Amino acid sequence: MSADLENDIAALLPRLRRFARSITFHREDADDVVQIAVERALTRAEQWQTGTRLDSWMFRIVKNAWIDEVRSRARRDQLFAPEEEGEHVGDDTAAAHQQRMAVEKAMSLLSEDHRMVIGLVLVDGLPYKEAAEVLDIPMGTLTSRLARAREALQELLSDRARNKR
Amino acid sequence: MSSIDDETLMAYADGELDAEQCAHVEQAMRADPQVAAAVERQRALRADVFAAFAGVLDEPVPARLQPAAAREEAAAQPRVRVDLLAQAGATPLPPRWHWRQWGAIAASLAAGVLAGALGWQQINGGDATPFGRQGDALVARGELADALSQRLSADAAQGTVRLGVSFQARDGAYCRSFKLGSTAGLACRDAGAWRIPVLAQAGEAARGGYRQAGSEMPATVLDAIDERIAGASLDAAAERAARDRGWQRP
C-alpha cells in the first residue's frame, strides 16, 4: 500500500471529521467514526480504484463505520461537550454561535437518512452525483430525499425561532 | 408560484443545473417574487448549515486519526488466527478468504479444534460447544445459538456472549455480529440455523486505553458485514420484530 494513499487520506481528514460531526451526535463519536474509517480504508486499500474519487470512497466508509459500529453505542445524551458551549465565542459573534448551535440541534433531530444527505450535500458540498454514489441510491432518490430533508430542517429551525420569540 | 417545482429550485440553489435550466429558473425568479424568495430560502439554509460546521475544518486533527497511527494500530491488532487453523491440519487460507473456504475448513476440523484454535475457552465446564458443523458450514450451538436467537443487542450483557449489530443481508437473511470471549464473528440465519461465515480473533481493549475509541470488532468481521449489509443495520424496534418472527426472512 502506498504512502501516497496515506497522504491523500490525511489530507481529507478535516472534511471527514466535518462530515462525521454532521451525522453523529457527539464530537468524540464523530472522531471515533473517522478513526475506524481510516483503519478500515487502510486494511482494504486494494479495494480503492485509482482514478476514482477518494473522497466519495472515504465518505462511504465513514457512513458505514457509523452505521455498523458506533451508532449502537453512540452518545446521544450530551449533544455538545461542555467545553464546546463556550468555545469560539471569542472569535465568533454571539449570534453566529447561537445559529451554529441551533443548526446542530436541528440536525440531531433529523432522521438518519436526512442527516446523511444534508451532511454530504450542504455541509461538505458534494455534487448530487457523488452524494448519490456515497449513499448507493439513484439520483432521483437523492434529490427527493434532499428536498424532504431540507424541508424538515427548515421546519425545525423555524419552530425554534418561533418558540424563542 | 410558477410551474417550476421545488426540486428544480433546490437544484438551482445547489448549482446543479445546466446553463439552459438556470436561465429558465432565473427568468421565473424575475417574473415571480415568490420564486425568487423560495430560491433565497434554499440558499440561506445551505449557507447556515455550511457555516454551522465550517469551523471543524480549522480544528487541529487529533493524532489518533492520522493514517500512520491507524496503520500501527492495525499492525498491533492480532490477526485472524488462521495460522493456528493451518497448524491444525487445514489447508492454508488465501489472504482474502471467503466463507465458502471457511466452510471447507470447518468441515475438515472438529469443532473443538476450531474453538481451541481460536482461543475460546469452554464455558464453565458445560458441555455445550458454541460451534458445530452442519453440512459444510460452521454453525452456532448451545449458548451462542440461544443468544443469537433470543437476545436483543440492547439487552444487558449476560453470560459470555455479547451481541453487536443485527442487519439484513442482501440475500434477505438476517445476520448478527457477536463476541464470545476473545472470539468475534458474524452469524447469518439460514434454514433454521445460525451459520457462521466469519470467525476471528477479537482485538483486546489494551494498550493503555488508547485503543478504546477504535474498532472493537476485528476488521475481518467488519469487512464481512460491509460485504453483506443491505441498507442500514436494524434499529431496536426492527431487531425486536425480526426476533419475534424467529429471524425468518420477511
# chains A, B, ... in the order shown; residues from 1 in each chain; ligands from 1
call {"tool": "select_by_dssp", "arguments": {"residues": "chain A", "states": "helix (DSSP H, G or I)", "output": "JSON list (two decimals) with N, CA and C atoms, in the first residue's frame"}}
result
[["chain", "number", "residue", "atom", "x", "y", "z"],
["A", 3, "ALA", "N", 2.36, 5.07, 0.28],
["A", 3, "ALA", "CA", 2.37, 6.21, 1.19],
["A", 3, "ALA", "C", 1.50, 7.32, 0.60],
["A", 4, "ASP", "N", 1.36, 7.32, -0.73],
["A", 4, "ASP", "CA", 0.52, 8.32, -1.39],
["A", 4, "ASP", "C", -0.90, 8.26, -0.87],
["A", 5, "LEU", "N", -1.41, 7.04, -0.77],
["A", 5, "LEU", "CA", -2.79, 6.91, -0.31],
["A", 5, "LEU", "C", -2.92, 7.44, 1.12],
["A", 6, "GLU", "N", -1.94, 7.10, 1.94],
["A", 6, "GLU", "CA", -1.98, 7.61, 3.32],
["A", 6, "GLU", "C", -1.98, 9.13, 3.34],
["A", 7, "ASN", "N", -1.15, 9.71, 2.50],
["A", 7, "ASN", "CA", -1.10, 11.17, 2.45],
["A", 7, "ASN", "C", -2.42, 11.76, 1.98],
["A", 8, "ASP", "N", -3.01, 11.10, 0.97],
["A", 8, "ASP", "CA", -4.27, 11.60, 0.44],
["A", 8, "ASP", "C", -5.38, 11.50, 1.49],
["A", 9, "ILE", "N", -5.37, 10.40, 2.24],
["A", 9, "ILE", "CA", -6.38, 10.24, 3.30],
["A", 9, "ILE", "C", -6.14, 11.29, 4.39],
["A", 10, "ALA", "N", -4.88, 11.50, 4.73],
["A", 10, "ALA", "CA", -4.56, 12.50, 5.76],
["A", 10, "ALA", "C", -5.09, 13.88, 5.35],
["A", 11, "ALA", "N", -4.96, 14.18, 4.05],
["A", 11, "ALA", "CA", -5.42, 15.48, 3.57],
["A", 11, "ALA", "C", -6.94, 15.61, 3.65],
["A", 12, "LEU", "N", -7.63, 14.48, 3.62],
["A", 12, "LEU", "CA", -9.10, 14.51, 3.68],
["A", 12, "LEU", "C", -9.64, 14.58, 5.11],
["A", 13, "LEU", "N", -8.77, 14.37, 6.09],
["A", 13, "LEU", "CA", -9.25, 14.25, 7.48],
["A", 13, "LEU", "C", -10.15, 15.40, 7.95],
["A", 14, "PRO", "N", -9.78, 16.65, 7.66],
["A", 14, "PRO", "CA", -10.68, 17.73, 8.12],
["A", 14, "PRO", "C", -12.10, 17.58, 7.56],
["A", 15, "ARG", "N", -12.20, 17.23, 6.28],
["A", 15, "ARG", "CA", -13.54, 17.07, 5.69],
["A", 15, "ARG", "C", -14.25, 15.84, 6.26],
["A", 16, "LEU", "N", -13.51, 14.78, 6.49],
["A", 16, "LEU", "CA", -14.14, 13.57, 7.04],
["A", 16, "LEU", "C", -14.66, 13.85, 8.45],
["A", 17, "ARG", "N", -13.88, 14.60, 9.22],
["A", 17, "ARG", "CA", -14.32, 14.95, 10.58],
["A", 17, "ARG", "C", -15.57, 15.82, 10.53],
["A", 18, "ARG", "N", -15.59, 16.75, 9.59],
["A", 18, "ARG", "CA", -16.74, 17.64, 9.49],
["A", 18, "ARG", "C", -18.00, 16.84, 9.12],
["A", 19, "PHE", "N", -17.84, 15.94, 8.15],
["A", 19, "PHE", "CA", -18.99, 15.11, 7.77],
["A", 19, "PHE", "C", -19.44, 14.24, 8.95],
["A", 20, "ALA", "N", -18.47, 13.63, 9.63],
["A", 20, "ALA", "CA", -18.81, 12.78, 10.77],
["A", 20, "ALA", "C", -19.52, 13.59, 11.85],
["A", 21, "ARG", "N", -19.08, 14.82, 12.04],
["A", 21, "ARG", "CA", -19.72, 15.67, 13.05],
["A", 21, "ARG", "C", -21.18, 15.92, 12.68],
["A", 22, "SER", "N", -21.44, 15.98, 11.39],
["A", 22, "SER", "CA", -22.81, 16.29, 10.97],
["A", 22, "SER", "C", -23.74, 15.08, 11.04],
["A", 23, "ILE", "N", -23.20, 13.86, 11.08],
["A", 23, "ILE", "CA", -24.10, 12.70, 11.13],
["A", 23, "ILE", "C", -24.15, 12.04, 12.51],
["A", 27, "ARG", "N", -19.01, 14.95, 19.49],
["A", 27, "ARG", "CA", -17.73, 15.12, 18.79],
["A", 27, "ARG", "C", -16.79, 13.94, 18.98],
["A", 28, "GLU", "N", -16.82, 13.31, 20.15],
["A", 28, "GLU", "CA", -15.95, 12.15, 20.36],
["A", 28, "GLU", "C", -16.39, 10.98, 19.48],
["A", 29, "ASP", "N", -17.70, 10.80, 19.38],
["A", 29, "ASP", "CA", -18.21, 9.74, 18.50],
["A", 29, "ASP", "C", -17.81, 10.03, 17.06],
["A", 30, "ALA", "N", -17.87, 11.29, 16.69],
["A", 30, "ALA", "CA", -17.51, 11.66, 15.31],
["A", 30, "ALA", "C", -16.06, 11.28, 15.04],
["A", 31, "ASP", "N", -15.18, 11.58, 15.99],
["A", 31, "ASP", "CA", -13.78, 11.22, 15.78],
["A", 31, "ASP", "C", -13.56, 9.71, 15.82],
["A", 32, "ASP", "N", -14.33, 9.02, 16.65],
["A", 32, "ASP", "CA", -14.24, 7.55, 16.66],
["A", 32, "ASP", "C", -14.59, 6.99, 15.29],
["A", 33, "VAL", "N", -15.65, 7.54, 14.72],
["A", 33, "VAL", "CA", -16.10, 7.08, 13.41],
["A", 33, "VAL", "C", -14.99, 7.29, 12.37],
["A", 34, "VAL", "N", -14.36, 8.45, 12.42],
["A", 34, "VAL", "CA", -13.29, 8.73, 11.46],
["A", 34, "VAL", "C", -12.10, 7.80, 11.69],
["A", 35, "GLN", "N", -11.77, 7.59, 12.95],
["A", 35, "GLN", "CA", -10.63, 6.70, 13.24],
["A", 35, "GLN", "C", -10.89, 5.30, 12.69],
["A", 36, "ILE", "N", -12.08, 4.80, 12.94],
["A", 36, "ILE", "CA", -12.42, 3.46, 12.45],
["A", 36, "ILE", "C", -12.39, 3.44, 10.92],
["A", 37, "ALA", "N", -12.91, 4.51, 10.32],
["A", 37, "ALA", "CA", -12.94, 4.56, 8.85],
["A", 37, "ALA", "C", -11.53, 4.55, 8.27],
["A", 38, "VAL", "N", -10.62, 5.29, 8.90],
["A", 38, "VAL", "CA", -9.25, 5.33, 8.39],
["A", 38, "VAL", "C", -8.62, 3.94, 8.51],
["A", 39, "GLU", "N", -8.85, 3.30, 9.65],
["A", 39, "GLU", "CA", -8.30, 1.94, 9.83],
["A", 39, "GLU", "C", -8.85, 0.99, 8.76],
["A", 40, "ARG", "N", -10.16, 1.10, 8.55],
["A", 40, "ARG", "CA", -10.77, 0.20, 7.56],
["A", 40, "ARG", "C", -10.25, 0.50, 6.16],
["A", 41, "ALA", "N", -10.11, 1.77, 5.85],
["A", 41, "ALA", "CA", -9.64, 2.14, 4.50],
["A", 41, "ALA", "C", -8.26, 1.55, 4.25],
["A", 42, "LEU", "N", -7.40, 1.61, 5.27],
["A", 42, "LEU", "CA", -6.05, 1.10, 5.07],
["A", 42, "LEU", "C", -6.02, -0.42, 4.95],
["A", 43, "THR", "N", -6.92, -1.09, 5.67],
["A", 43, "THR", "CA", -6.90, -2.55, 5.58],
["A", 43, "THR", "C", -7.51, -3.04, 4.26],
["A", 45, "ALA", "N", -7.22, -1.18, 1.30],
["A", 45, "ALA", "CA", -6.76, -0.19, 0.31],
["A", 45, "ALA", "C", -6.87, -0.74, -1.11],
["A", 46, "GLU", "N", -6.74, -2.06, -1.24],
["A", 46, "GLU", "CA", -6.76, -2.63, -2.59],
["A", 46, "GLU", "C", -8.16, -2.51, -3.23],
["A", 47, "GLN", "N", -9.16, -2.21, -2.41],
["A", 47, "GLN", "CA", -10.50, -2.06, -2.99],
["A", 47, "GLN", "C", -10.72, -0.69, -3.60],
["A", 54, "LEU", "N", -11.41, 9.53, -4.25],
["A", 54, "LEU", "CA", -11.08, 9.02, -2.92],
["A", 54, "LEU", "C", -12.04, 9.58, -1.87],
["A", 55, "ASP", "N", -12.47, 10.83, -2.07],
["A", 55, "ASP", "CA", -13.35, 11.40, -1.05],
["A", 55, "ASP", "C", -14.68, 10.63, -0.97],
["A", 56, "SER", "N", -15.25, 10.30, -2.13],
["A", 56, "SER", "CA", -16.52, 9.56, -2.11],
["A", 56, "SER", "C", -16.33, 8.20, -1.43],
["A", 57, "TRP", "N", -15.22, 7.55, -1.75],
["A", 57, "TRP", "CA", -14.94, 6.23, -1.16],
["A", 57, "TRP", "C", -14.81, 6.36, 0.36],
["A", 58, "MET", "N", -14.09, 7.37, 0.81],
["A", 58, "MET", "CA", -13.90, 7.56, 2.25],
["A", 58, "MET", "C", -15.20, 7.94, 2.95],
["A", 59, "PHE", "N", -15.99, 8.79, 2.30],
["A", 59, "PHE", "CA", -17.28, 9.16, 2.92],
["A", 59, "PHE", "C", -18.14, 7.91, 3.12],
["A", 60, "ARG", "N", -18.09, 7.01, 2.13],
["A", 60, "ARG", "CA", -18.90, 5.80, 2.25],
["A", 60, "ARG", "C", -18.40, 4.96, 3.43],
["A", 61, "ILE", "N", -17.10, 4.88, 3.60],
["A", 61, "ILE", "CA", -16.56, 4.10, 4.72],
["A", 61, "ILE", "C", -16.92, 4.76, 6.06],
["A", 62, "VAL", "N", -16.88, 6.08, 6.09],
["A", 62, "VAL", "CA", -17.28, 6.80, 7.31],
["A", 62, "VAL", "C", -18.75, 6.49, 7.64],
["A", 63, "LYS", "N", -19.58, 6.58, 6.63],
["A", 63, "LYS", "CA", -21.01, 6.29, 6.82],
["A", 63, "LYS", "C", -21.20, 4.88, 7.36],
["A", 64, "ASN", "N", -20.51, 3.90, 6.75],
["A", 64, "ASN", "CA", -20.65, 2.52, 7.21],
["A", 64, "ASN", "C", -20.11, 2.33, 8.62],
["A", 65, "ALA", "N", -19.02, 3.00, 8.93],
["A", 65, "ALA", "CA", -18.45, 2.87, 10.28],
["A", 65, "ALA", "C", -19.45, 3.36, 11.32],
["A", 66, "TRP", "N", -20.15, 4.41, 10.97],
["A", 66, "TRP", "CA", -21.18, 4.93, 11.89],
["A", 66, "TRP", "C", -22.31, 3.91, 12.02],
["A", 67, "ILE", "N", -22.80, 3.43, 10.89],
["A", 67, "ILE", "CA", -23.96, 2.55, 10.91],
["A", 67, "ILE", "C", -23.64, 1.22, 11.60],
["A", 68, "ASP", "N", -22.52, 0.59, 11.24],
["A", 68, "ASP", "CA", -22.37, -0.75, 11.79],
["A", 68, "ASP", "C", -21.46, -0.84, 12.99],
["A", 69, "GLU", "N", -20.95, 0.27, 13.46],
["A", 69, "GLU", "CA", -20.16, 0.11, 14.67],
["A", 69, "GLU", "C", -20.46, 1.12, 15.77],
["A", 70, "VAL", "N", -20.45, 2.37, 15.44],
["A", 70, "VAL", "CA", -20.50, 3.37, 16.51],
["A", 70, "VAL", "C", -21.94, 3.69, 16.93],
["A", 71, "ARG", "N", -22.86, 3.67, 15.98],
["A", 71, "ARG", "CA", -24.22, 4.13, 16.27],
["A", 71, "ARG", "C", -24.84, 3.43, 17.46],
["A", 72, "SER", "N", -24.60, 2.10, 17.55],
["A", 72, "SER", "CA", -25.26, 1.33, 18.60],
["A", 72, "SER", "C", -24.78, 1.74, 19.99],
["A", 73, "ARG", "N", -23.59, 2.34, 20.07],
["A", 73, "ARG", "CA", -23.12, 2.75, 21.39],
["A", 73, "ARG", "C", -22.96, 4.27, 21.47],
["A", 82, "PRO", "N", -19.20, 19.96, 27.18],
["A", 82, "PRO", "CA", -19.30, 21.20, 27.96],
["A", 82, "PRO", "C", -18.35, 22.30, 27.46],
["A", 83, "GLU", "N", -17.14, 21.90, 27.10],
["A", 83, "GLU", "CA", -16.18, 22.93, 26.70],
["A", 83, "GLU", "C", -16.60, 23.62, 25.41],
["A", 84, "GLU", "N", -17.47, 22.92, 24.68],
["A", 84, "GLU", "CA", -17.87, 23.48, 23.40],
["A", 84, "GLU", "C", -18.87, 24.63, 23.57],
["A", 85, "GLU", "N", -19.59, 24.56, 24.67],
["A", 85, "GLU", "CA", -20.62, 25.58, 24.90],
["A", 85, "GLU", "C", -20.04, 26.99, 24.83],
["A", 94, "ALA", "N", -21.83, 36.36, 19.05],
["A", 94, "ALA", "CA", -22.78, 35.58, 19.84],
["A", 94, "ALA", "C", -23.91, 35.06, 18.95],
["A", 95, "ALA", "N", -24.34, 35.87, 18.02],
["A", 95, "ALA", "CA", -25.45, 35.46, 17.15],
["A", 95, "ALA", "C", -25.04, 34.29, 16.26],
["A", 96, "ALA", "N", -23.83, 34.34, 15.73],
["A", 96, "ALA", "CA", -23.36, 33.26, 14.86],
["A", 96, "ALA", "C", -23.23, 31.97, 15.67],
["A", 97, "HIS", "N", -22.79, 32.13, 16.90],
["A", 97, "HIS", "CA", -22.65, 30.98, 17.79],
["A", 97, "HIS", "C", -24.01, 30.34, 18.04],
["A", 98, "GLN", "N", -24.98, 31.17, 18.34],
["A", 98, "GLN", "CA", -26.35, 30.68, 18.59],
["A", 98, "GLN", "C", -26.88, 29.95, 17.35],
["A", 99, "GLN", "N", -26.62, 30.54, 16.22],
["A", 99, "GLN", "CA", -27.10, 29.97, 14.97],
["A", 99, "GLN", "C", -26.47, 28.59, 14.74],
["A", 100, "ARG", "N", -25.18, 28.52, 15.05],
["A", 100, "ARG", "CA", -24.47, 27.26, 14.87],
["A", 100, "ARG", "C", -25.06, 26.18, 15.78],
["A", 101, "MET", "N", -25.32, 26.55, 17.03],
["A", 101, "MET", "CA", -25.90, 25.60, 17.97],
["A", 101, "MET", "C", -27.30, 25.18, 17.51],
["A", 102, "ALA", "N", -28.05, 26.13, 16.99],
["A", 102, "ALA", "CA", -29.42, 25.83, 16.55],
["A", 102, "ALA", "C", -29.39, 24.83, 15.40],
["A", 103, "VAL", "N", -28.46, 25.02, 14.47],
["A", 103, "VAL", "CA", -28.38, 24.11, 13.33],
["A", 103, "VAL", "C", -27.95, 22.71, 13.80],
["A", 104, "GLU", "N", -26.97, 22.66, 14.69],
["A", 104, "GLU", "CA", -26.52, 21.35, 15.18],
["A", 104, "GLU", "C", -27.66, 20.63, 15.89],
["A", 105, "LYS", "N", -28.39, 21.38, 16.68],
["A", 105, "LYS", "CA", -29.51, 20.79, 17.41],
["A", 105, "LYS", "C", -30.57, 20.27, 16.42],
["A", 106, "ALA", "N", -30.91, 21.09, 15.44],
["A", 106, "ALA", "CA", -31.92, 20.69, 14.46],
["A", 106, "ALA", "C", -31.45, 19.46, 13.68],
["A", 107, "MET", "N", -30.18, 19.43, 13.31],
["A", 107, "MET", "CA", -29.63, 18.27, 12.60],
["A", 107, "MET", "C", -29.81, 17.00, 13.42],
["A", 108, "SER", "N", -29.61, 17.14, 14.72],
["A", 108, "SER", "CA", -29.67, 15.94, 15.57],
["A", 108, "SER", "C", -31.09, 15.38, 15.65],
["A", 109, "LEU", "N", -32.06, 16.20, 15.29],
["A", 109, "LEU", "CA", -33.45, 15.74, 15.35],
["A", 109, "LEU", "C", -33.93, 15.15, 14.02],
["A", 112, "GLU", "N", -31.93, 9.62, 10.24],
["A", 112, "GLU", "CA", -30.58, 9.26, 9.80],
["A", 112, "GLU", "C", -30.36, 9.55, 8.30],
["A", 113, "ASP", "N", -31.32, 9.14, 7.48],
["A", 113, "ASP", "CA", -31.21, 9.37, 6.04],
["A", 113, "ASP", "C", -31.07, 10.85, 5.73],
["A", 114, "HIS", "N", -31.86, 11.64, 6.46],
["A", 114, "HIS", "CA", -31.84, 13.07, 6.19],
["A", 114, "HIS", "C", -30.52, 13.71, 6.63],
["A", 115, "ARG", "N", -30.01, 13.27, 7.79],
["A", 115, "ARG", "CA", -28.72, 13.81, 8.24],
["A", 115, "ARG", "C", -27.60, 13.49, 7.24],
["A", 116, "MET", "N", -27.65, 12.27, 6.72],
["A", 116, "MET", "CA", -26.60, 11.85, 5.79],
["A", 116, "MET", "C", -26.60, 12.73, 4.54],
["A", 117, "VAL", "N", -27.77, 12.93, 3.99],
["A", 117, "VAL", "CA", -27.84, 13.66, 2.73],
["A", 117, "VAL", "C", -27.50, 15.14, 2.95],
["A", 118, "ILE", "N", -27.93, 15.69, 4.05],
["A", 118, "ILE", "CA", -27.57, 17.08, 4.38],
["A", 118, "ILE", "C", -26.06, 17.18, 4.62],
["A", 119, "GLY", "N", -25.53, 16.19, 5.34],
["A", 119, "GLY", "CA", -24.10, 16.20, 5.64],
["A", 119, "GLY", "C", -23.25, 16.16, 4.38],
["A", 120, "LEU", "N", -23.68, 15.40, 3.40],
["A", 120, "LEU", "CA", -22.90, 15.28, 2.17],
["A", 120, "LEU", "C", -23.05, 16.50, 1.26],
["A", 121, "VAL", "N", -24.29, 16.94, 1.07],
["A", 121, "VAL", "CA", -24.53, 17.99, 0.07],
["A", 121, "VAL", "C", -24.37, 19.40, 0.66],
["A", 122, "LEU", "N", -24.97, 19.66, 1.80],
["A", 122, "LEU", "CA", -24.92, 21.02, 2.33],
["A", 122, "LEU", "C", -23.68, 21.28, 3.18],
["A", 123, "VAL", "N", -23.29, 20.30, 3.98],
["A", 123, "VAL", "CA", -22.13, 20.51, 4.84],
["A", 123, "VAL", "C", -20.84, 20.35, 4.05],
["A", 128, "TYR", "N", -24.50, 16.35, -6.38],
["A", 128, "TYR", "CA", -25.55, 15.32, -6.21],
["A", 128, "TYR", "C", -25.07, 13.95, -6.65],
["A", 129, "LYS", "N", -24.38, 13.92, -7.80],
["A", 129, "LYS", "CA", -23.98, 12.63, -8.36],
["A", 129, "LYS", "C", -23.09, 11.87, -7.38],
["A", 130, "GLU", "N", -22.11, 12.56, -6.80],
["A", 130, "GLU", "CA", -21.20, 11.90, -5.86],
["A", 130, "GLU", "C", -21.94, 11.51, -4.58],
["A", 131, "ALA", "N", -22.82, 12.39, -4.13],
["A", 131, "ALA", "CA", -23.57, 12.08, -2.90],
["A", 131, "ALA", "C", -24.42, 10.82, -3.11],
["A", 132, "ALA", "N", -25.03, 10.72, -4.29],
["A", 132, "ALA", "CA", -25.86, 9.54, -4.59],
["A", 132, "ALA", "C", -25.00, 8.28, -4.58],
["A", 133, "GLU", "N", -23.77, 8.40, -5.08],
["A", 133, "GLU", "CA", -22.88, 7.25, -5.08],
["A", 133, "GLU", "C", -22.48, 6.84, -3.67],
["A", 134, "VAL", "N", -22.18, 7.84, -2.85],
["A", 134, "VAL", "CA", -21.81, 7.53, -1.46],
["A", 134, "VAL", "C", -22.95, 6.77, -0.78],
["A", 135, "LEU", "N", -24.17, 7.21, -1.03],
["A", 135, "LEU", "CA", -25.32, 6.62, -0.35],
["A", 135, "LEU", "C", -25.87, 5.40, -1.09],
["A", 139, "MET", "N", -30.04, 8.91, -8.46],
["A", 139, "MET", "CA", -30.11, 10.37, -8.41],
["A", 139, "MET", "C", -31.50, 10.87, -8.02],
["A", 140, "GLY", "N", -32.53, 10.25, -8.59],
["A", 140, "GLY", "CA", -33.90, 10.70, -8.29],
["A", 140, "GLY", "C", -34.21, 10.58, -6.81],
["A", 141, "THR", "N", -33.74, 9.47, -6.22],
["A", 141, "THR", "CA", -33.96, 9.27, -4.79],
["A", 141, "THR", "C", -33.19, 10.31, -4.00],
["A", 142, "LEU", "N", -31.99, 10.60, -4.47],
["A", 142, "LEU", "CA", -31.18, 11.59, -3.76],
["A", 142, "LEU", "C", -31.87, 12.95, -3.74],
["A", 143, "THR", "N", -32.34, 13.39, -4.91],
["A", 143, "THR", "CA", -32.93, 14.74, -4.94],
["A", 143, "THR", "C", -34.21, 14.81, -4.13],
["A", 144, "SER", "N", -35.04, 13.77, -4.19],
["A", 144, "SER", "CA", -36.27, 13.85, -3.41],
["A", 144, "SER", "C", -35.95, 13.75, -1.92],
["A", 145, "ARG", "N", -34.96, 12.94, -1.57],
["A", 145, "ARG", "CA", -34.60, 12.83, -0.16],
["A", 145, "ARG", "C", -34.00, 14.14, 0.36],
["A", 146, "LEU", "N", -33.20, 14.75, -0.49],
["A", 146, "LEU", "CA", -32.59, 16.03, -0.10],
["A", 146, "LEU", "C", -33.66, 17.11, 0.09],
["A", 147, "ALA", "N", -34.63, 17.11, -0.82],
["A", 147, "ALA", "CA", -35.70, 18.11, -0.71],
["A", 147, "ALA", "C", -36.48, 17.92, 0.58],
["A", 148, "ARG", "N", -36.79, 16.67, 0.91],
["A", 148, "ARG", "CA", -37.54, 16.41, 2.16],
["A", 148, "ARG", "C", -36.69, 16.75, 3.38],
["A", 149, "ALA", "N", -35.41, 16.43, 3.31],
["A", 149, "ALA", "CA", -34.53, 16.70, 4.44],
["A", 149, "ALA", "C", -34.45, 18.21, 4.69],
["A", 150, "ARG", "N", -34.37, 18.97, 3.61],
["A", 150, "ARG", "CA", -34.31, 20.43, 3.76],
["A", 150, "ARG", "C", -35.59, 20.97, 4.38],
["A", 151, "GLU", "N", -36.72, 20.44, 3.89],
["A", 151, "GLU", "CA", -38.00, 20.90, 4.46],
["A", 151, "GLU", "C", -38.03, 20.63, 5.95],
["A", 152, "ALA", "N", -37.61, 19.41, 6.33],
["A", 152, "ALA", "CA", -37.64, 19.03, 7.75],
["A", 152, "ALA", "C", -36.72, 19.94, 8.56],
["A", 153, "LEU", "N", -35.57, 20.23, 8.01],
["A", 153, "LEU", "CA", -34.60, 21.06, 8.74],
["A", 153, "LEU", "C", -35.12, 22.50, 8.86],
["A", 154, "GLN", "N", -35.67, 23.00, 7.77],
["A", 154, "GLN", "CA", -36.23, 24.35, 7.76],
["A", 154, "GLN", "C", -37.32, 24.47, 8.83],
["A", 155, "GLU", "N", -38.14, 23.43, 8.85],
["A", 155, "GLU", "CA", -39.25, 23.38, 9.81],
["A", 155, "GLU", "C", -38.72, 23.45, 11.24],
["A", 156, "LEU", "N", -37.73, 22.62, 11.53],
["A", 156, "LEU", "CA", -37.16, 22.58, 12.88],
["A", 156, "LEU", "C", -36.55, 23.92, 13.26],
["A", 157, "LEU", "N", -35.88, 24.53, 12.31],
["A", 157, "LEU", "CA", -35.23, 25.81, 12.61],
["A", 157, "LEU", "C", -36.26, 26.92, 12.78],
["A", 158, "SER", "N", -37.32, 26.89, 12.01],
["A", 158, "SER", "CA", -38.29, 27.97, 12.17],
["A", 158, "SER", "C", -39.16, 27.76, 13.41],
["A", 159, "ASP", "N", -39.38, 26.49, 13.78],
["A", 159, "ASP", "CA", -40.08, 26.22, 15.04],
["A", 159, "ASP", "C", -39.32, 26.83, 16.20],
["A", 160, "ARG", "N", -38.02, 26.61, 16.11],
["A", 160, "ARG", "CA", -37.19, 27.08, 17.20],
["A", 160, "ARG", "C", -37.22, 28.60, 17.27],
["A", 161, "ALA", "N", -37.15, 29.22, 16.10],
["A", 161, "ALA", "CA", -37.17, 30.68, 16.06],
["A", 161, "ALA", "C", -38.49, 31.20, 16.63],
["A", 162, "ARG", "N", -39.58, 30.53, 16.28],
["A", 162, "ARG", "CA", -40.89, 30.95, 16.79],
["A", 162, "ARG", "C", -40.95, 30.81, 18.30],
["A", 163, "ASN", "N", -40.45, 29.68, 18.79],
["A", 163, "ASN", "CA", -40.52, 29.43, 20.24],
["A", 163, "ASN", "C", -39.71, 30.43, 21.04],
["A", 164, "LYS", "N", -38.71, 30.97, 20.41],
["A", 164, "LYS", "CA", -37.85, 31.90, 21.14],
["A", 164, "LYS", "C", -38.48, 33.27, 21.29]]
call {"tool": "interface_residues", "arguments": {"of": "chain B", "to": "chain A", "cutoff": "7 Å", "atoms": "only C-alpha atoms", "output": "JSON, numbers by chain"}}
result
{"B": [7, 46, 49, 50, 52, 53, 56, 57, 61, 64, 65, 66, 67, 70, 71, 74, 165, 213, 214, 215, 219, 232, 233]}
call {"tool": "atom_distance", "arguments": {"atom1": "CA of Ala187 (chain B)", "atom2": "CA of Arg162 (chain B)"}}
result
12.6 Å
